[in-house]
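Below is model17.txt, holding compact mmCIF, C-alpha atoms.
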# COMPACT_ATOMS: atom_id res chain seq x y z
CA MET A 1 -166.66 32.28 111.42
CA LYS A 2 -170.21 31.02 112.01
CA TYR A 3 -173.04 33.50 112.53
CA ILE A 4 -176.80 33.29 113.04
CA GLY A 5 -178.89 35.39 110.68
CA LEU A 6 -182.50 36.49 110.94
CA LEU A 7 -184.76 37.45 108.05
CA ASP A 8 -187.75 39.60 109.01
CA CYS A 9 -190.50 40.58 106.55
CA ASN A 10 -191.30 44.28 106.94
CA ASN A 11 -194.89 45.04 107.98
CA PHE A 12 -195.73 41.56 106.73
CA PHE A 13 -199.55 41.54 106.52
CA VAL A 14 -199.59 45.03 104.99
CA SER A 15 -196.85 44.12 102.50
CA CYS A 16 -198.78 41.00 101.45
CA GLU A 17 -201.81 43.14 100.61
CA ARG A 18 -199.65 45.66 98.77
CA LEU A 19 -198.16 42.96 96.52
CA PHE A 20 -201.47 42.93 94.65
CA ARG A 21 -202.11 46.66 95.00
CA PRO A 22 -199.02 48.57 93.81
CA ASP A 23 -200.97 51.81 94.18
CA LEU A 24 -200.83 51.35 97.97
CA TRP A 25 -197.03 51.32 98.41
CA ASP A 26 -196.92 54.95 99.53
CA ARG A 27 -200.41 55.12 101.00
CA PRO A 28 -201.19 54.56 104.72
CA THR A 29 -202.45 50.98 105.11
CA VAL A 30 -203.64 48.83 108.02
CA VAL A 31 -204.80 45.25 108.42
CA LEU A 32 -207.45 44.43 111.02
CA SER A 33 -207.93 41.32 113.13
CA SER A 34 -210.18 38.54 111.86
CA ASN A 35 -213.29 40.17 113.33
CA ASP A 36 -212.19 43.62 112.13
CA GLY A 37 -211.94 44.62 115.78
CA CYS A 38 -208.31 45.71 116.20
CA VAL A 39 -205.30 46.85 114.18
CA VAL A 40 -202.85 43.95 113.76
CA ALA A 41 -200.54 45.40 111.08
CA ARG A 42 -199.55 48.95 110.14
CA SER A 43 -197.61 50.45 107.28
CA LEU A 44 -194.72 52.77 108.07
CA GLU A 45 -196.96 55.76 107.29
CA VAL A 46 -199.49 54.64 109.92
CA LYS A 47 -196.77 53.98 112.50
CA ASP A 48 -195.52 57.53 111.94
CA MET A 49 -199.07 58.75 112.67
CA GLY A 50 -198.67 57.31 116.17
CA ILE A 51 -201.31 54.60 115.74
CA PRO A 52 -200.39 51.78 118.17
CA MET A 53 -200.60 48.06 117.49
CA GLY A 54 -203.75 46.38 118.80
CA VAL A 55 -205.84 49.53 119.12
CA PRO A 56 -209.59 48.95 118.53
CA TYR A 57 -210.52 50.07 115.04
CA PHE A 58 -213.53 52.12 116.10
CA GLN A 59 -211.27 54.34 118.23
CA ILE A 60 -209.10 55.48 115.32
CA LYS A 61 -211.49 54.98 112.40
CA LYS A 62 -212.04 58.70 111.77
CA GLU A 63 -208.32 59.46 112.01
CA LEU A 64 -207.52 56.75 109.46
CA GLN A 65 -210.24 57.95 107.12
CA ALA A 66 -208.91 61.52 107.31
CA ALA A 67 -205.49 60.22 106.22
CA ASP A 68 -207.03 58.27 103.31
CA THR A 69 -205.89 54.99 104.83
CA ALA A 70 -206.52 51.69 103.06
CA VAL A 71 -208.07 49.18 105.47
CA PHE A 72 -208.05 45.39 105.00
CA SER A 73 -209.51 42.44 106.90
CA SER A 74 -206.99 39.70 107.68
CA ASN A 75 -206.46 37.13 104.91
CA PHE A 76 -204.44 34.41 106.60
CA GLN A 77 -204.56 32.05 103.65
CA LEU A 78 -202.80 34.68 101.54
CA TYR A 79 -200.27 35.42 104.28
CA ARG A 80 -199.36 31.75 104.69
CA ASP A 81 -198.86 31.39 100.94
CA ILE A 82 -196.57 34.45 100.73
CA SER A 83 -194.68 33.23 103.81
CA ARG A 84 -194.07 29.89 102.12
CA ARG A 85 -192.66 31.64 99.04
CA VAL A 86 -190.33 33.79 101.15
CA MET A 87 -189.01 30.79 103.08
CA ASP A 88 -188.49 28.79 99.88
CA VAL A 89 -186.29 31.55 98.47
CA LEU A 90 -184.37 31.82 101.74
CA LYS A 91 -183.65 28.08 101.69
CA GLN A 92 -182.30 28.42 98.16
CA GLU A 93 -179.91 31.16 99.26
CA VAL A 94 -178.55 29.77 102.54
CA GLY A 95 -177.97 26.43 104.21
CA LYS A 96 -179.55 25.72 107.56
CA VAL A 97 -182.90 27.47 108.16
CA GLU A 98 -185.21 27.55 111.19
CA GLN A 99 -188.55 29.28 110.65
CA TYR A 100 -189.48 31.20 113.79
CA SER A 101 -192.84 32.67 112.77
CA VAL A 102 -194.91 33.37 109.67
CA ASP A 103 -192.67 36.35 108.80
CA GLU A 104 -189.35 35.54 110.47
CA SER A 105 -186.71 32.87 110.04
CA PHE A 106 -183.28 32.23 111.52
CA PHE A 107 -180.54 30.89 109.26
CA GLU A 108 -176.87 30.00 109.33
CA VAL A 109 -174.29 32.18 107.61
CA LEU A 110 -170.54 31.50 107.37
CA GLY A 111 -167.49 33.56 106.47
CA THR A 112 -165.54 36.68 107.28
CA ARG A 113 -167.36 39.87 108.26
CA LYS A 114 -167.17 41.14 104.69
CA GLU A 115 -168.41 37.83 103.28
CA VAL A 116 -171.28 37.65 105.76
CA GLU A 117 -172.42 41.19 104.93
CA ALA A 118 -172.36 40.26 101.23
CA GLN A 119 -174.52 37.22 101.94
CA LEU A 120 -177.03 39.31 103.89
CA ILE A 121 -177.30 41.72 100.96
CA ALA A 122 -177.75 38.78 98.56
CA VAL A 123 -180.51 37.21 100.70
CA LYS A 124 -182.37 40.50 100.93
CA ALA A 125 -182.10 41.11 97.18
CA ALA A 126 -183.22 37.58 96.30
CA VAL A 127 -186.38 37.67 98.42
CA GLU A 128 -187.34 41.15 97.31
CA SER A 129 -186.80 40.42 93.61
CA LYS A 130 -188.35 36.93 93.50
CA VAL A 131 -191.28 37.46 95.88
CA GLY A 132 -191.66 41.24 96.03
CA MET A 133 -191.64 41.22 99.83
CA PRO A 134 -189.53 43.94 101.52
CA VAL A 135 -187.34 42.38 104.22
CA SER A 136 -184.69 43.26 106.77
CA VAL A 137 -181.85 40.87 107.58
CA GLY A 138 -179.46 40.84 110.52
CA ALA A 139 -176.72 38.56 111.77
CA ALA A 140 -174.74 38.08 114.97
CA LYS A 141 -173.15 35.34 117.03
CA THR A 142 -176.37 34.68 118.97
CA LYS A 143 -180.07 34.56 118.17
CA THR A 144 -180.88 37.33 120.65
CA ILE A 145 -178.47 39.83 119.09
CA ALA A 146 -179.42 38.71 115.56
CA LYS A 147 -183.05 39.54 116.39
CA TYR A 148 -182.04 43.08 117.31
CA ALA A 149 -179.71 43.34 114.31
CA SER A 150 -182.62 42.69 111.94
CA GLU A 151 -184.44 45.67 113.47
CA TYR A 152 -181.48 48.03 113.73
CA GLN A 153 -181.26 49.02 110.07
CA LYS A 154 -184.92 48.46 109.15
CA ARG A 155 -185.28 52.10 108.10
CA GLY A 156 -181.74 52.25 106.73
CA THR A 157 -179.85 49.77 104.57
CA GLY A 158 -182.08 46.88 105.59
CA TYR A 159 -179.16 44.67 106.61
CA CYS A 160 -176.84 44.63 109.63
CA LEU A 161 -174.09 42.49 111.17
CA LEU A 162 -173.64 43.15 114.88
CA THR A 163 -170.60 41.56 116.49
CA GLY A 164 -167.63 42.57 118.56
CA GLU A 165 -167.00 46.32 118.50
CA SER A 166 -170.13 47.13 116.51
CA TRP A 167 -172.27 45.44 119.18
CA GLN A 168 -170.34 46.85 122.14
CA ALA A 169 -170.77 50.36 120.73
CA LEU A 170 -174.54 50.03 121.19
CA VAL A 171 -174.97 48.39 124.60
CA GLU A 172 -174.35 51.52 126.72
CA GLU A 173 -177.38 53.32 125.29
CA LEU A 174 -179.55 50.40 124.19
CA PRO A 175 -182.66 50.07 126.42
CA ILE A 176 -183.02 46.55 127.82
CA GLY A 177 -186.69 46.65 126.83
CA LYS A 178 -185.65 46.55 123.15
CA ILE A 179 -184.21 43.07 123.60
CA TRP A 180 -186.06 39.96 122.44
CA GLY A 181 -187.65 38.18 125.41
CA VAL A 182 -187.73 41.15 127.78
CA GLY A 183 -191.42 41.88 128.28
CA GLY A 184 -193.09 44.81 129.99
CA LYS A 185 -193.25 43.23 133.46
CA THR A 186 -189.63 42.11 133.32
CA GLN A 187 -188.58 45.56 132.17
CA ILE A 188 -190.32 47.15 135.17
CA LYS A 189 -188.69 44.66 137.51
CA LEU A 190 -185.27 45.36 136.02
CA ARG A 191 -185.80 49.11 136.28
CA GLU A 192 -186.51 48.69 139.99
CA GLN A 193 -183.07 47.08 140.25
CA GLY A 194 -181.45 50.01 138.45
CA VAL A 195 -181.11 48.10 135.18
CA ASN A 196 -182.11 50.27 132.23
CA THR A 197 -179.68 49.39 129.45
CA VAL A 198 -178.09 46.27 128.02
CA ALA A 199 -174.80 47.41 129.58
CA ASP A 200 -176.49 47.53 133.01
CA PHE A 201 -177.79 44.00 132.50
CA LEU A 202 -174.40 42.67 131.44
CA ALA A 203 -172.82 44.22 134.55
CA ILE A 204 -175.00 42.21 136.97
CA ASP A 205 -173.08 39.56 138.89
CA PRO A 206 -174.18 36.14 137.52
CA ALA A 207 -174.87 34.74 141.01
CA ARG A 208 -177.15 37.69 141.82
CA LEU A 209 -178.78 37.45 138.40
CA LYS A 210 -179.58 33.76 138.89
CA ASN A 211 -180.99 34.44 142.35
CA ILE A 212 -183.34 37.14 141.02
CA TYR A 213 -184.24 35.94 137.52
CA GLY A 214 -183.32 32.27 137.51
CA ILE A 215 -181.68 30.34 134.70
CA GLY A 216 -183.53 32.43 132.10
CA GLY A 217 -181.65 35.53 133.24
CA LEU A 218 -178.29 33.76 132.94
CA ARG A 219 -179.13 32.53 129.46
CA LEU A 220 -180.08 36.03 128.33
CA GLN A 221 -176.88 37.46 129.78
CA SER A 222 -174.82 34.84 127.93
CA GLU A 223 -176.59 35.59 124.65
CA LEU A 224 -175.99 39.33 125.09
CA ASN A 225 -172.33 38.52 125.81
CA GLU A 226 -172.19 36.88 122.34
CA LEU A 227 -172.08 33.38 123.87
CA PRO A 228 -174.71 31.25 122.06
CA VAL A 229 -177.27 29.48 124.23
CA HIS A 230 -180.16 29.06 121.81
CA LYS A 231 -178.92 26.79 119.04
CA LEU A 232 -180.08 27.01 115.45
CA GLY A 233 -182.46 24.28 114.37
CA GLY A 234 -183.71 23.37 117.82
CA ARG A 235 -186.76 21.14 117.87
CA LYS A 236 -189.96 23.06 117.38
CA GLU A 237 -193.02 21.70 119.14
CA LEU A 238 -196.18 21.11 117.15
CA GLN A 239 -198.60 24.00 117.50
CA LYS A 240 -201.49 23.49 119.89
CA SER A 241 -204.24 24.85 117.68
CA ILE A 242 -205.26 25.93 114.18
CA MET A 243 -207.62 28.84 113.66
CA SER A 244 -209.48 29.83 110.53
CA THR A 245 -211.54 33.01 110.89
CA ARG A 246 -212.91 35.80 108.77
CA SER A 247 -215.54 38.45 109.41
CA PHE A 248 -218.51 39.07 107.12
CA SER A 249 -218.57 42.31 105.17
CA ALA A 250 -222.00 42.98 106.68
CA THR A 251 -224.06 41.53 109.52
CA THR A 252 -226.02 38.47 108.44
CA THR A 253 -228.71 36.23 109.95
CA ASP A 254 -229.02 33.94 106.92
CA LEU A 255 -228.48 30.31 107.97
CA ALA A 256 -227.31 29.19 104.51
CA THR A 257 -224.63 31.90 104.47
CA LEU A 258 -223.42 30.86 107.91
CA ARG A 259 -223.38 27.19 106.87
CA ASP A 260 -221.32 27.90 103.73
CA SER A 261 -218.87 30.01 105.71
CA LEU A 262 -218.50 27.33 108.40
CA THR A 263 -217.86 24.66 105.74
CA TYR A 264 -215.14 26.79 104.15
CA HIS A 265 -213.31 27.37 107.43
CA ILE A 266 -213.47 23.70 108.46
CA GLU A 267 -212.06 22.63 105.09
CA HIS A 268 -209.29 25.23 105.36
CA ALA A 269 -208.31 24.16 108.89
CA ALA A 270 -208.41 20.48 107.90
CA THR A 271 -206.11 21.13 104.95
CA GLU A 272 -203.57 22.82 107.22
CA LEU A 273 -203.87 19.98 109.75
CA ARG A 274 -203.11 17.39 107.07
CA GLY A 275 -200.14 19.48 105.94
CA LEU A 276 -198.71 19.14 109.44
CA GLU A 277 -199.37 15.38 109.37
CA ALA A 278 -201.24 15.78 112.64
CA VAL A 279 -204.60 14.95 114.18
CA THR A 280 -206.91 16.84 116.53
CA GLN A 281 -208.95 15.81 119.54
CA SER A 282 -211.57 18.53 119.33
CA MET A 283 -213.03 21.33 117.23
CA ARG A 284 -214.66 24.56 118.44
CA VAL A 285 -216.97 26.80 116.44
CA LEU A 286 -217.37 30.42 117.53
CA ILE A 287 -219.86 32.82 115.92
CA GLY A 288 -220.54 36.29 117.23
CA THR A 289 -221.41 39.86 116.39
CA ASN A 290 -218.83 42.63 116.05
CA ARG A 291 -218.49 44.09 119.53
CA HIS A 292 -217.19 47.32 117.98
CA SER A 293 -220.14 47.80 115.60
CA GLU A 294 -221.78 51.22 115.71
CA TRP A 295 -225.23 49.96 116.75
CA LEU A 296 -223.74 48.22 119.82
CA LEU A 297 -221.99 51.43 120.89
CA ARG A 298 -225.13 53.57 120.88

Before we go any further, please render this structure as structure tokens.
Amino acid sequence: MKYIGLLDCNNFFVSCERLFRPDLWDRPTVVLSSNDGCVVARSLEVKDMGIPMGVPYFQIKKELQAADTAVFSSNFQLYRDISRRVMDVLKQEVGKVEQYSVDESFFEVLGTRKEVEAQLIAVKAAVESKVGMPVSVGAAKTKTIAKYASEYQKRGTGYCLLTGESWQALVEELPIGKIWGVGGKTQIKLREQGVNTVADFLAIDPARLKNIYGIGGLRLQSELNELPVHKLGGRKELQKSIMSTRSFSATTTDLATLRDSLTYHIEHAATELRGLEAVTQSMRVLIGTNRHSEWLLR
């Protein structure tokens, strides 16, 4: 039997920072956006504190300090390097691989249920031992269910195969908003139609579903019915932009410092552009103050 697997790095940016700081593995840790404005990654300890993703740092700064939280600025060069190592190990362990994002990748897995579960365990062990990155892996007959499977046991065994009875046992209580591709607005619209769970969504007549949500709704219903629509290894369009950013540790007005920083970021972006074997039509330079700095809030 052929299945689609998904490897997901746990709390990726935070875990990258912790690779070089073993003392932080049990300590609350967050990573901030490139201008240190918002929280873009949280350790499990911070999630359990109720700190949401994307919250401005100044709003929760005192709460994080009280919990002795380690705070990092984003280091995208480091994250890309760790991502490359993770994907290299994954390719050594399985056959067909399709990288979805910097910390996620779909892959093909073949065999009986028992054999597939063994392969998921092997993939997880290989990445964690060779790279040091904690990961969760899931598998199913479709990408949509595989995405949920990778999340289902994130705080448990770290691996999960959802298919047939194991999947059907979840759909009655599984909120439709937990499904990949169902955003906030769509969730509200579905709730207005009396659709709250995956089971509710699967019960919608296809003709009615197409009339309300178009072809996208039919595709999602097929995927949730374990009928693959999104194939593995589909062509991935070239990204539209490359960004290289980093905030200064302190406010500066020194022109030489700004020039050196600008040169570094241009070189970094150009290196990534060459790696993609691509060209660009334009370049934008943005420099600004921290809108969350204390002196601006007075």

- Find the spatial neighbours of Ala125 of chain A, counting only C-alpha atoms, within a cut-off of 12 Å - ignore same-chain residues fewer than 4 positions away - and output them as a count of residues only. 21

- Query: With only C-alpha atoms as the basis for distance, which of A:Gln153, A:Gln187, A:Thr253, A:Ser241 is at the shortest distance from Thr280 of chain A?
  - Reply: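 Comparing A:Gln153, A:Gln187, A:Thr253, A:Ser241 against Thr280 of chain A, the winner is A:Ser241.
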
- Please indicate the distance in Å from atom CA of Ser166 of chain A to atom CA of Glu45 of chain A, rounded to one decimal place. 29.7 Å

- Determine the nearest neighbour of Phe13 of chain A from the options A:Met1, A:Ala146, A:Val102, A:Ala67, counting only C-alpha atoms.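 Residue with the minimum atom-to-atom distance to Phe13 of chain A: A:Val102.
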
- Task: Return the single residue from A:Leu255, A:Leu262, A:Val127, A:Leu209 that is closest to Arg84 of chain A, with distances computed using all atoms listed in the file.
- Result: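 Using all atoms listed in the file, the shortest distance to Arg84 of chain A belongs to A:Val127.
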